[in-house]
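K.L.:
So here's work.cif, just mmCIF, C-alpha atoms:
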data_input
#
loop_
_atom_site.label_atom_id
_atom_site.label_comp_id
_atom_site.auth_asym_id
_atom_site.auth_seq_id
_atom_site.Cartn_x
_atom_site.Cartn_y
_atom_site.Cartn_z
CA MET A 1 8.72 38.95 -58.12
CA LYS A 2 11.56 36.51 -58.77
CA ILE A 3 10.71 33.66 -61.13
CA PRO A 4 12.64 30.47 -60.31
CA LYS A 5 14.27 28.27 -62.89
CA LYS A 6 13.23 24.61 -63.23
CA TRP A 7 15.03 21.46 -62.19
CA ILE A 8 13.42 18.27 -63.44
CA THR A 9 14.06 14.84 -61.91
CA ILE A 10 14.17 11.99 -64.39
CA GLY A 11 13.73 8.28 -63.79
CA ARG A 12 13.24 5.10 -65.78
CA ARG A 13 9.48 5.10 -65.32
CA GLY A 14 8.87 8.18 -67.46
CA PHE A 15 12.11 8.75 -69.37
CA SER A 16 14.36 6.60 -71.50
CA VAL A 17 17.41 6.98 -73.72
CA ASP A 18 15.00 7.08 -76.66
CA ASN A 19 12.60 9.77 -75.40
CA ILE A 20 14.86 12.02 -73.31
CA HIS A 21 15.15 14.37 -76.31
CA MET A 22 11.54 15.44 -75.63
CA LEU A 23 12.73 17.18 -72.43
CA ILE A 24 15.23 19.49 -74.17
CA PRO A 25 12.70 22.00 -75.62
CA TRP A 26 11.34 22.72 -72.13
CA ASN A 27 14.48 24.73 -71.38
CA VAL A 28 15.08 23.27 -67.92
CA SER A 29 18.14 24.56 -66.08
CA GLY A 30 18.85 21.30 -64.29
CA ILE A 31 18.21 17.62 -64.97
CA ARG A 32 18.40 15.65 -61.72
CA ILE A 33 19.10 11.92 -61.66
CA ASN A 34 18.50 10.12 -58.37
CA THR A 35 20.96 7.23 -57.97
CA GLY A 36 18.73 5.72 -55.28
CA HIS A 37 16.29 4.69 -58.01
CA SER A 38 18.41 4.19 -61.15
CA SER A 39 21.34 1.96 -61.99
CA PHE A 40 24.64 3.54 -62.90
CA GLN A 41 24.46 1.93 -66.34
CA TRP A 42 21.11 3.61 -67.00
CA THR A 43 22.53 6.87 -65.63
CA TYR A 44 25.58 6.59 -67.88
CA ASP A 45 23.42 5.89 -70.95
CA ILE A 46 21.13 8.85 -70.19
CA ILE A 47 24.06 11.23 -69.68
CA SER A 48 25.65 10.03 -72.93
CA ARG A 49 22.38 10.70 -74.75
CA LEU A 50 22.04 14.16 -73.21
CA LYS A 51 25.58 15.00 -74.31
CA SER A 52 24.73 13.95 -77.87
CA LEU A 53 21.75 16.33 -77.68
CA ASN A 54 24.13 19.16 -76.61
CA TYR A 55 22.52 19.55 -73.21
CA PRO A 56 25.00 21.39 -70.92
CA MET A 57 26.85 18.80 -68.85
CA ASP A 58 27.23 21.15 -65.87
CA GLN A 59 23.42 21.28 -65.61
CA ILE A 60 23.16 17.55 -65.01
CA LEU A 61 22.69 16.98 -61.28
CA LEU A 62 23.52 13.52 -59.99
CA ASP A 63 21.88 12.96 -56.59
CA ILE A 64 24.19 10.63 -54.65
CA GLY A 65 24.37 9.05 -51.20
CA ASN A 66 20.69 8.10 -51.08
CA THR A 67 20.97 5.67 -48.17
CA LYS A 68 17.26 5.23 -47.50
CA PRO A 69 16.58 1.61 -46.55
CA ARG A 70 14.15 0.01 -48.97
CA LEU A 71 11.63 -2.76 -48.42
CA ASN A 72 11.51 -6.13 -50.14
CA THR A 73 8.44 -8.22 -50.78
CA ASN A 74 7.76 -11.47 -52.62
CA ASN A 75 4.61 -9.99 -54.20
CA ILE A 76 5.60 -8.23 -57.42
CA ASP A 77 2.27 -6.37 -57.53
CA GLY A 78 2.69 -4.93 -54.04
CA ILE A 79 0.63 -5.51 -50.90
CA GLU A 80 -2.50 -3.49 -50.11
CA VAL A 81 -2.78 -2.53 -46.42
CA TYR A 82 -5.77 -1.04 -44.63
CA HIS A 83 -6.49 1.16 -41.60
CA GLN A 84 -5.93 -0.70 -38.30
CA MET A 85 -4.61 -3.76 -40.15
CA GLU A 86 -1.62 -5.42 -38.48
CA MET A 87 1.45 -6.09 -40.62
CA THR A 88 4.90 -7.52 -39.92
CA ILE A 89 8.26 -6.44 -41.25
CA TYR A 90 10.86 -9.19 -41.00
CA LYS A 91 14.61 -8.73 -40.80
CA ASN A 92 15.31 -11.55 -43.26
CA PRO A 93 13.55 -12.97 -46.34
CA GLN A 94 10.57 -15.18 -45.55
CA ASN A 95 9.00 -18.02 -47.49
CA ILE A 96 5.55 -16.66 -46.62
CA GLU A 97 2.99 -15.26 -49.05
CA ASN A 98 2.88 -11.44 -49.08
CA SER A 99 5.82 -11.18 -46.67
CA ILE A 100 7.77 -7.92 -46.23
CA TRP A 101 11.35 -7.74 -45.06
CA LEU A 102 14.04 -5.14 -44.47
CA ASN A 103 17.69 -6.09 -44.21
CA ASN A 104 18.79 -3.11 -42.13
CA ASP A 105 20.26 -3.57 -38.65
CA ASP A 106 19.93 0.12 -37.73
CA PHE A 107 16.19 0.10 -38.25
CA PHE A 108 15.67 -2.83 -35.89
CA ARG A 109 18.07 -1.30 -33.37
CA ILE A 110 16.47 2.17 -33.31
CA ALA A 111 12.78 1.24 -33.64
CA GLN A 112 10.71 1.22 -30.45
CA ALA A 113 7.11 0.50 -29.55
CA ASN A 114 4.77 3.45 -30.30
CA ASP A 115 7.18 4.95 -32.86
CA ILE A 116 5.52 6.11 -36.07
CA VAL A 117 6.98 4.44 -39.15
CA TYR A 118 6.51 6.16 -42.50
CA PHE A 119 6.84 4.91 -46.04
CA GLY A 120 8.03 6.85 -49.09
CA ASP A 121 7.87 10.59 -48.36
CA GLY A 122 5.30 10.08 -45.61
CA GLU A 123 2.25 9.18 -47.67
CA MET A 124 1.73 6.05 -45.53
CA GLU A 125 2.19 5.60 -41.76
CA CYS A 126 2.06 2.80 -39.20
CA THR A 127 2.45 2.59 -35.42
CA ILE A 128 4.96 0.09 -34.03
CA VAL A 129 3.18 -2.35 -31.72
CA ASN A 130 6.11 -4.60 -30.84
CA VAL A 131 9.80 -5.02 -31.70
CA ASP A 132 12.04 -8.03 -31.39
CA ASN A 133 15.36 -9.00 -32.98
CA SER A 134 13.90 -10.55 -36.10
CA LYS A 135 10.59 -8.81 -36.78
CA ILE A 136 8.52 -5.72 -36.06
CA LEU A 137 4.74 -5.74 -35.68
CA LEU A 138 2.92 -2.60 -36.87
CA GLU A 139 -0.62 -1.29 -37.02
CA VAL A 140 -1.57 0.61 -40.17
CA ILE A 141 -2.64 4.26 -39.68
CA THR A 142 -2.97 5.33 -43.31
CA PRO A 143 -3.84 2.75 -45.99
CA GLY A 144 -1.97 2.23 -49.21
CA LYS A 145 0.20 -0.22 -51.11
CA ILE A 146 3.55 -1.55 -49.90
CA SER A 147 5.75 -2.16 -52.94
CA LYS A 148 9.22 -3.51 -53.49
CA GLY A 149 11.84 -0.78 -53.20
CA MET A 150 9.62 1.54 -51.12
CA SER A 151 11.69 3.54 -48.62
CA ILE A 152 11.01 3.45 -44.90
CA GLY A 153 11.87 5.75 -41.99
CA ILE A 154 10.99 6.54 -38.38
CA LYS A 155 9.20 9.83 -37.77
CA GLY A 156 11.00 12.35 -35.58
CA LYS A 157 14.27 10.40 -35.59
CA ASP A 158 17.28 11.25 -37.74
CA PHE A 159 17.40 7.73 -39.05
CA PHE A 160 19.32 8.57 -42.23
CA HIS A 161 22.98 9.51 -42.21
CA PHE A 162 25.43 10.83 -44.76
CA TYR A 163 27.19 7.85 -46.28
CA ILE A 164 28.59 7.02 -49.72
CA SER A 165 29.95 3.54 -50.28
CA GLU A 166 33.27 2.76 -51.96
CA THR A 167 31.36 1.22 -54.87
CA GLU A 168 29.35 4.40 -55.36
CA ILE A 169 32.47 6.56 -55.05
CA ASN A 170 34.19 4.54 -57.79
CA ASN A 171 31.14 4.62 -60.09
CA ILE A 172 30.69 8.37 -59.66
CA ASN A 173 34.34 9.09 -60.38
CA LYS A 174 34.16 6.97 -63.53
CA LEU A 175 31.30 9.18 -64.70
CA LEU A 176 33.16 12.35 -63.71
CA ASN A 177 36.23 11.26 -65.66
CA GLU A 178 34.11 11.37 -68.80
CA TYR A 179 31.43 13.97 -68.04
CA SER A 180 31.70 17.27 -66.16
CA ILE A 181 28.50 17.05 -64.14
CA SER A 182 27.37 18.41 -60.76
CA LEU A 183 26.57 16.38 -57.64
CA ILE A 184 23.79 16.70 -55.07
CA LEU A 185 24.65 15.22 -51.66
CA SER A 186 21.77 13.45 -49.91
CA PHE A 187 21.48 13.52 -46.12
CA VAL A 188 24.30 16.00 -45.53
CA GLU A 189 24.85 16.54 -41.81
CA SER A 190 27.66 19.11 -41.61
CA ALA A 191 30.11 21.29 -43.52
CA ALA A 192 32.65 18.49 -43.08
CA ASP A 193 30.51 16.26 -45.31
CA VAL A 194 30.63 18.84 -48.10
CA ARG A 195 34.39 19.23 -47.72
CA TRP A 196 34.80 15.46 -47.83
CA ALA A 197 32.81 15.30 -51.07
CA LYS A 198 34.95 18.00 -52.68
CA ASN A 199 38.01 15.87 -51.98
CA ALA A 200 36.37 12.59 -52.97
CA PHE A 201 34.99 14.00 -56.26
CA PRO A 202 37.51 16.63 -57.43
CA LYS A 203 36.17 16.65 -61.00
CA ALA A 204 32.60 17.51 -60.03
CA THR A 205 31.50 20.83 -61.51
CA LYS A 206 29.59 21.73 -58.35
CA ILE A 207 28.74 20.13 -55.01
CA ILE A 208 25.21 20.90 -53.78
CA PRO A 209 24.21 19.78 -50.25
CA LYS A 210 20.64 18.61 -49.81
CA ILE A 211 19.15 19.87 -46.54
CA GLU A 212 16.80 17.18 -45.26
CA THR A 213 17.77 16.43 -41.65
CA GLN A 214 17.64 18.22 -38.30
CA ARG A 215 21.43 18.01 -38.11
CA ALA A 216 21.83 19.85 -41.41
CA VAL A 217 19.47 22.61 -40.22
CA SER A 218 21.48 22.95 -36.99
CA ASN A 219 24.73 23.25 -38.96
CA ILE A 220 23.40 25.35 -41.84
CA ASP A 221 25.50 28.46 -41.15
CA THR A 222 28.77 26.55 -41.60
CA ILE A 223 27.38 24.56 -44.55
CA PHE A 224 26.86 27.86 -46.39
CA PHE A 225 30.63 28.46 -46.31
CA GLU A 226 31.18 25.34 -48.44
CA CYS A 227 28.68 25.89 -51.28
CA ASP A 228 26.91 28.43 -53.43
CA THR A 229 23.63 26.48 -53.72
CA ILE A 230 21.58 24.34 -51.32
CA PHE A 231 18.71 22.01 -52.13
CA ILE A 232 15.94 21.93 -49.51
CA GLY A 233 14.43 18.43 -49.66
CA ARG A 234 11.11 19.07 -47.94
CA GLY A 235 9.90 15.48 -47.82
CA ASP A 236 12.51 13.98 -45.50
CA LEU A 237 13.13 17.31 -43.77
CA ALA A 238 9.47 17.54 -42.72
CA LEU A 239 9.63 14.02 -41.34
CA SER A 240 12.89 14.72 -39.51
CA LEU A 241 11.72 18.01 -37.96
CA GLY A 242 8.01 17.19 -37.61
CA ILE A 243 5.70 18.09 -40.47
CA GLU A 244 4.10 20.99 -38.56
CA LYS A 245 7.49 22.77 -38.52
CA ILE A 246 8.38 22.57 -42.22
CA GLY A 247 6.76 25.89 -43.26
CA ILE A 248 8.73 28.02 -40.79
CA ALA A 249 11.91 25.97 -41.31
CA GLN A 250 11.69 26.45 -45.07
CA LYS A 251 11.19 30.22 -44.75
CA GLU A 252 14.12 30.57 -42.32
CA LEU A 253 16.44 28.45 -44.49
CA ILE A 254 15.65 30.53 -47.58
CA GLU A 255 16.23 33.81 -45.73
CA LYS A 256 19.51 32.60 -44.20
CA ALA A 257 20.73 31.28 -47.55
CA HIS A 258 20.14 34.55 -49.33
CA CYS A 259 21.84 36.48 -46.52
CA ALA A 260 24.83 34.18 -47.02
CA GLY A 261 24.78 34.74 -50.79
CA CYS A 262 23.67 31.16 -51.40
CA LYS A 263 21.10 30.08 -54.00
CA VAL A 264 18.17 27.86 -53.04
CA ALA A 265 16.58 24.93 -54.84
CA LEU A 266 13.28 23.79 -53.33
CA GLY A 267 11.59 20.46 -53.96
CA THR A 268 9.31 17.62 -52.86
CA GLY A 269 5.54 17.79 -52.97
CA THR A 270 5.34 20.69 -55.40
CA LEU A 271 2.78 19.05 -57.69
CA ASP A 272 2.21 15.66 -56.06
CA SER A 273 -1.54 15.69 -56.70
CA LEU A 274 -0.87 15.26 -60.43
CA LYS A 275 0.10 11.65 -59.79
CA THR A 276 -3.64 10.96 -59.54
CA ASN A 277 -5.44 14.17 -60.57
CA ALA A 278 -5.78 15.99 -63.88
CA ILE A 279 -5.06 19.46 -62.44
CA PRO A 280 -3.01 20.69 -59.46
CA SER A 281 -4.56 21.52 -56.11
CA ARG A 282 -5.04 25.15 -55.07
CA ALA A 283 -2.54 24.62 -52.25
CA GLU A 284 0.13 23.53 -54.75
CA ILE A 285 -0.33 26.61 -56.94
CA ILE A 286 -0.19 28.83 -53.83
CA ASP A 287 2.99 26.98 -52.78
CA ILE A 288 4.63 27.71 -56.14
CA THR A 289 3.56 31.35 -55.92
CA ASN A 290 4.95 31.66 -52.39
CA SER A 291 8.24 30.14 -53.57
CA CYS A 292 8.48 32.98 -56.08
CA LEU A 293 7.63 35.58 -53.44
CA LEU A 294 10.33 34.15 -51.13
CA GLY A 295 12.92 34.45 -53.89
CA VAL A 296 13.64 30.75 -54.47
CA ASP A 297 16.14 30.28 -57.30
CA TYR A 298 15.07 26.83 -58.50
CA ILE A 299 11.86 24.82 -58.17
CA VAL A 300 12.58 21.10 -58.32
CA LEU A 301 10.09 18.54 -59.55
CA THR A 302 11.05 15.25 -57.87
CA SER A 303 8.77 12.19 -57.89
CA GLU A 304 6.17 14.15 -59.92
CA THR A 305 8.42 13.55 -62.93
CA GLY A 306 11.05 11.03 -61.78
CA GLY A 307 8.49 8.45 -60.68
CA SER A 308 5.71 9.20 -63.13
CA LYS A 309 4.65 7.69 -66.44
CA THR A 310 3.30 11.14 -67.43
CA PRO A 311 6.11 13.52 -66.38
CA TYR A 312 5.23 16.23 -68.89
CA LYS A 313 1.88 16.84 -67.19
CA ALA A 314 3.70 18.22 -64.12
CA ILE A 315 6.24 20.13 -66.20
CA ASN A 316 3.44 21.74 -68.21
CA HIS A 317 1.51 22.90 -65.12
CA LEU A 318 4.67 24.28 -63.51
CA GLU A 319 5.60 26.16 -66.67
CA LYS A 320 2.03 27.50 -67.04
CA THR A 321 2.06 28.84 -63.47
CA LEU A 322 5.52 30.39 -63.72
CA SER A 323 4.66 32.00 -67.07
CA TYR A 324 1.61 33.65 -65.54
CA LEU A 325 3.58 34.95 -62.55
CA LYS A 326 6.33 36.23 -64.83
CA GLY A 327 3.77 38.32 -66.71
CA LEU A 328 2.52 40.17 -63.63
#
What's the structure tokens form of this structure?

P.N.:
Amino acid sequence: MKIPKKWITIGRRGFSVDNIHMLIPWNVSGIRINTGHSSFQWTYDIISRLKSLNYPMDQILLDIGNTKPRLNTNNIDGIEVYHQMEMTIYKNPQNIENSIWLNNDDFFRIAQANDIVYFGDGEMECTIVNVDNSKILLEVITPGKISKGMSIGIKGKDFFHFYISETEINNINKLLNEYSISLILSFVESAADVRWAKNAFPKATKIIPKIETQRAVSNIDTIFFECDTIFIGRGDLALSLGIEKIGIAQKELIEKAHCAGCKVALGTGTLDSLKTNAIPSRAEIIDITNSCLLGVDYIVLTSETGGSKTPYKAINHLEKTLSYLKGL
């Protein structure tokens, strides 16, 4: 049985310049920083600290091009929503208590009545009741809390596209001029996107496409020609393909990658239950075991560590499970 190495996502909620040294003894083979959640100044400070701790720079993985549209609200504590409750998303800021708005023309253009809208990685869903040019009325399917910065998408539609702004290009190249780090490309659609990134970021140690859209799956054979590692982002990929298809899609992507001589990193939802529970679910441990049986090269902890105040709880349970499997 092949035992995968660990990639750990870090974020400001659970890690800081002062405590990042606590991660080093865990012997992780990749530290992933998601630029969709962290400022470039924080990213720069963290990378500088990791360099001072002699962490290998080529094992820092900067996840770029995260173009997910994110909600705004005037309630700093977030807004609780309940099953069958109606809620409105406005196109522009509103001087209304508990208002939610999204400044994204594409969303209002693509959205249609009866579409399913999801929040985050799909943990909350709503049905669109009505759409007009300035607001969208929804009915809540799954309850939860809408918070500022929460991402939003439309189920079954490739709503996200590969795009990196000039500002992000300039910031990334400033980092690369000083630190030899690797890049993960969010929402890759084709081999041409990977080739573009190689030209745009010539000093990157490695370019790793993240497979999380139907278009990327359709173009996977040519994407393999441009890289030696792919990252399967199961959260958005499941929502793009349809969640019932993710198991077969994952298995086929792993098999095709290994036939092409390409390594596979697999993430999203690995130990999500630890955000609220003390121990992992049985399904999560079986998932990790199956990843080993399928020959995955890297298991990636994403929001379990990057968005958690207790990131070492997830790291500890992953390490415990992998250590047991290694001893078989």

K.L.:
Quick one: distance from atom CA of Asp106 of chain A to atom CA of Gln84 of chain A in Å, one decimal?

P.N.:
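So the answer is 25.9 Å.
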
K.L.:
I'd like the contact shell of Ala314 of chain A - 7 Å cut-off, all atoms listed in the file, skipping same-chain residues fewer than 6 positions apart - returned as a PDB file with C-alpha atoms, in the frame of the given file.

P.N.:
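Here's the written file result-v9.pdb:
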ATOM      1  CA  LEU A 271       2.780  19.050 -57.690  1.00  0.00           C
ATOM      2  CA  LEU A 274      -0.870  15.260 -60.430  1.00  0.00           C
ATOM      3  CA  GLU A 304       6.170  14.150 -59.920  1.00  0.00           C
ATOM      4  CA  THR A 305       8.420  13.550 -62.930  1.00  0.00           C
TER       5      THR A 305
END

K.L.:
Could you list, as a list of chain:residue names, every residue matched by the PyMOL selection byres ((chain A and resi 295) around 9) in this structure?

P.N.:
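For this structure, the PyMOL selection byres ((chain A and resi 295) around 9) resolves to A:Met1, A:Lys2, A:Ile3, A:Pro4, A:Ile254, A:Glu255, A:His258, A:Val264, A:Asn290, A:Ser291, A:Cys292, A:Leu293, A:Leu294, A:Val296, A:Asp297.
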
K.L.:
Could you check the closest approach to Thr127 of chain A for each of A:Ile299, A:Lys145, A:Gly156, A:Glu86 and tell me which residue wins, using all atoms listed in the file?

P.N.:
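Counting all atoms listed in the file, the residue closest to Thr127 of chain A is A:Glu86.
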
K.L.:
Any idea what's packed within 10 Å of Tyr55 of chain A, counting all atoms listed in the file, ignoring anything in its chain fewer than 2 positions away? Could you give it as an mmCIF file with C-alpha atoms, in the coordinates of the input?

P.N.:
data_model
loop_
_atom_site.group_PDB
_atom_site.id
_atom_site.type_symbol
_atom_site.label_atom_id
_atom_site.label_comp_id
_atom_site.auth_asym_id
_atom_site.auth_seq_id
_atom_site.Cartn_x
_atom_site.Cartn_y
_atom_site.Cartn_z
ATOM 1 C CA HIS A 21 15.150 14.370 -76.310
ATOM 2 C CA ILE A 24 15.230 19.490 -74.170
ATOM 3 C CA ASN A 27 14.480 24.730 -71.380
ATOM 4 C CA VAL A 28 15.080 23.270 -67.920
ATOM 5 C CA SER A 29 18.140 24.560 -66.080
ATOM 6 C CA GLY A 30 18.850 21.300 -64.290
ATOM 7 C CA ILE A 31 18.210 17.620 -64.970
ATOM 8 C CA ILE A 47 24.060 11.230 -69.680
ATOM 9 C CA ARG A 49 22.380 10.700 -74.750
ATOM 10 C CA LEU A 50 22.040 14.160 -73.210
ATOM 11 C CA LYS A 51 25.580 15.000 -74.310
ATOM 12 C CA SER A 52 24.730 13.950 -77.870
ATOM 13 C CA LEU A 53 21.750 16.330 -77.680
ATOM 14 C CA MET A 57 26.850 18.800 -68.850
ATOM 15 C CA ASP A 58 27.230 21.150 -65.870
ATOM 16 C CA GLN A 59 23.420 21.280 -65.610
ATOM 17 C CA ILE A 60 23.160 17.550 -65.010
#

K.L.:
Residues near Leu241 of chain A, anyone? I mean within 9 Å using all atoms listed in the file, not counting same-chain ones fewer than 4 positions away, as a PyMOL selection string.

P.N.:
chain A and resi 155-158+212-214+236-237+245-246+249

K.L.:
Quick check, in Å to one decimal: how far apart do atom CA of Cys262 of chain A and atom CA of Asp228 of chain A lie?

P.N.:
4.7 Å

K.L.:
Using only C-alpha atoms, collect all residues at a distance of at most 12 Å from (22.6, 35.3, -46.0) as written in the file, then present them as a PDB file with C-alpha atoms, keeping the file's coordinate frame.

P.N.:
ATOM      1  CA  ILE A 220      23.400  25.350 -41.840  1.00  0.00           C
ATOM      2  CA  ASP A 221      25.500  28.460 -41.150  1.00  0.00           C
ATOM      3  CA  THR A 222      28.770  26.550 -41.600  1.00  0.00           C
ATOM      4  CA  ILE A 223      27.380  24.560 -44.550  1.00  0.00           C
ATOM      5  CA  PHE A 224      26.860  27.860 -46.390  1.00  0.00           C
ATOM      6  CA  PHE A 225      30.630  28.460 -46.310  1.00  0.00           C
ATOM      7  CA  ASP A 228      26.910  28.430 -53.430  1.00  0.00           C
ATOM      8  CA  THR A 229      23.630  26.480 -53.720  1.00  0.00           C
ATOM      9  CA  GLU A 252      14.120  30.570 -42.320  1.00  0.00           C
ATOM     10  CA  LEU A 253      16.440  28.450 -44.490  1.00  0.00           C
ATOM     11  CA  ILE A 254      15.650  30.530 -47.580  1.00  0.00           C
ATOM     12  CA  GLU A 255      16.230  33.810 -45.730  1.00  0.00           C
ATOM     13  CA  LYS A 256      19.510  32.600 -44.200  1.00  0.00           C
ATOM     14  CA  ALA A 257      20.730  31.280 -47.550  1.00  0.00           C
ATOM     15  CA  HIS A 258      20.140  34.550 -49.330  1.00  0.00           C
ATOM     16  CA  CYS A 259      21.840  36.480 -46.520  1.00  0.00           C
ATOM     17  CA  ALA A 260      24.830  34.180 -47.020  1.00  0.00           C
ATOM     18  CA  GLY A 261      24.780  34.740 -50.790  1.00  0.00           C
ATOM     19  CA  CYS A 262      23.670  31.160 -51.400  1.00  0.00           C
ATOM     20  CA  LYS A 263      21.100  30.080 -54.000  1.00  0.00           C
ATOM     21  CA  VAL A 264      18.170  27.860 -53.040  1.00  0.00           C
TER      22      VAL A 264
END

K.L.:
Which residue, A:Val140, A:Leu61, A:Met87, A:Ile96, has the smallest gap to Phe231 of chain A when you use only C-alpha atoms?

P.N.:
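Residue with the minimum atom-to-atom distance to Phe231 of chain A: A:Leu61.
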
K.L.:
Name the residues that the PyMOL selection byres ((chain A and resi 12) around 12) picks from the file above, as a count of residues only, using the file's chain letters and numbers.

P.N.:
32

K.L.:
Decode the PyMOL selection byres ((chain A and resi 137) around 9) for the given file into explicit residues and return them as a CSV table (one decimal) with C-alpha atoms, in the coordinates of the input.

P.N.:
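result.csv written:
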chain,number,residue,atom,x,y,z
A,86,GLU,CA,-1.6,-5.4,-38.5
A,87,MET,CA,1.4,-6.1,-40.6
A,88,THR,CA,4.9,-7.5,-39.9
A,89,ILE,CA,8.3,-6.4,-41.2
A,90,TYR,CA,10.9,-9.2,-41.0
A,127,THR,CA,2.4,2.6,-35.4
A,128,ILE,CA,5.0,0.1,-34.0
A,129,VAL,CA,3.2,-2.4,-31.7
A,130,ASN,CA,6.1,-4.6,-30.8
A,131,VAL,CA,9.8,-5.0,-31.7
A,132,ASP,CA,12.0,-8.0,-31.4
A,135,LYS,CA,10.6,-8.8,-36.8
A,136,ILE,CA,8.5,-5.7,-36.1
A,138,LEU,CA,2.9,-2.6,-36.9
A,139,GLU,CA,-0.6,-1.3,-37.0
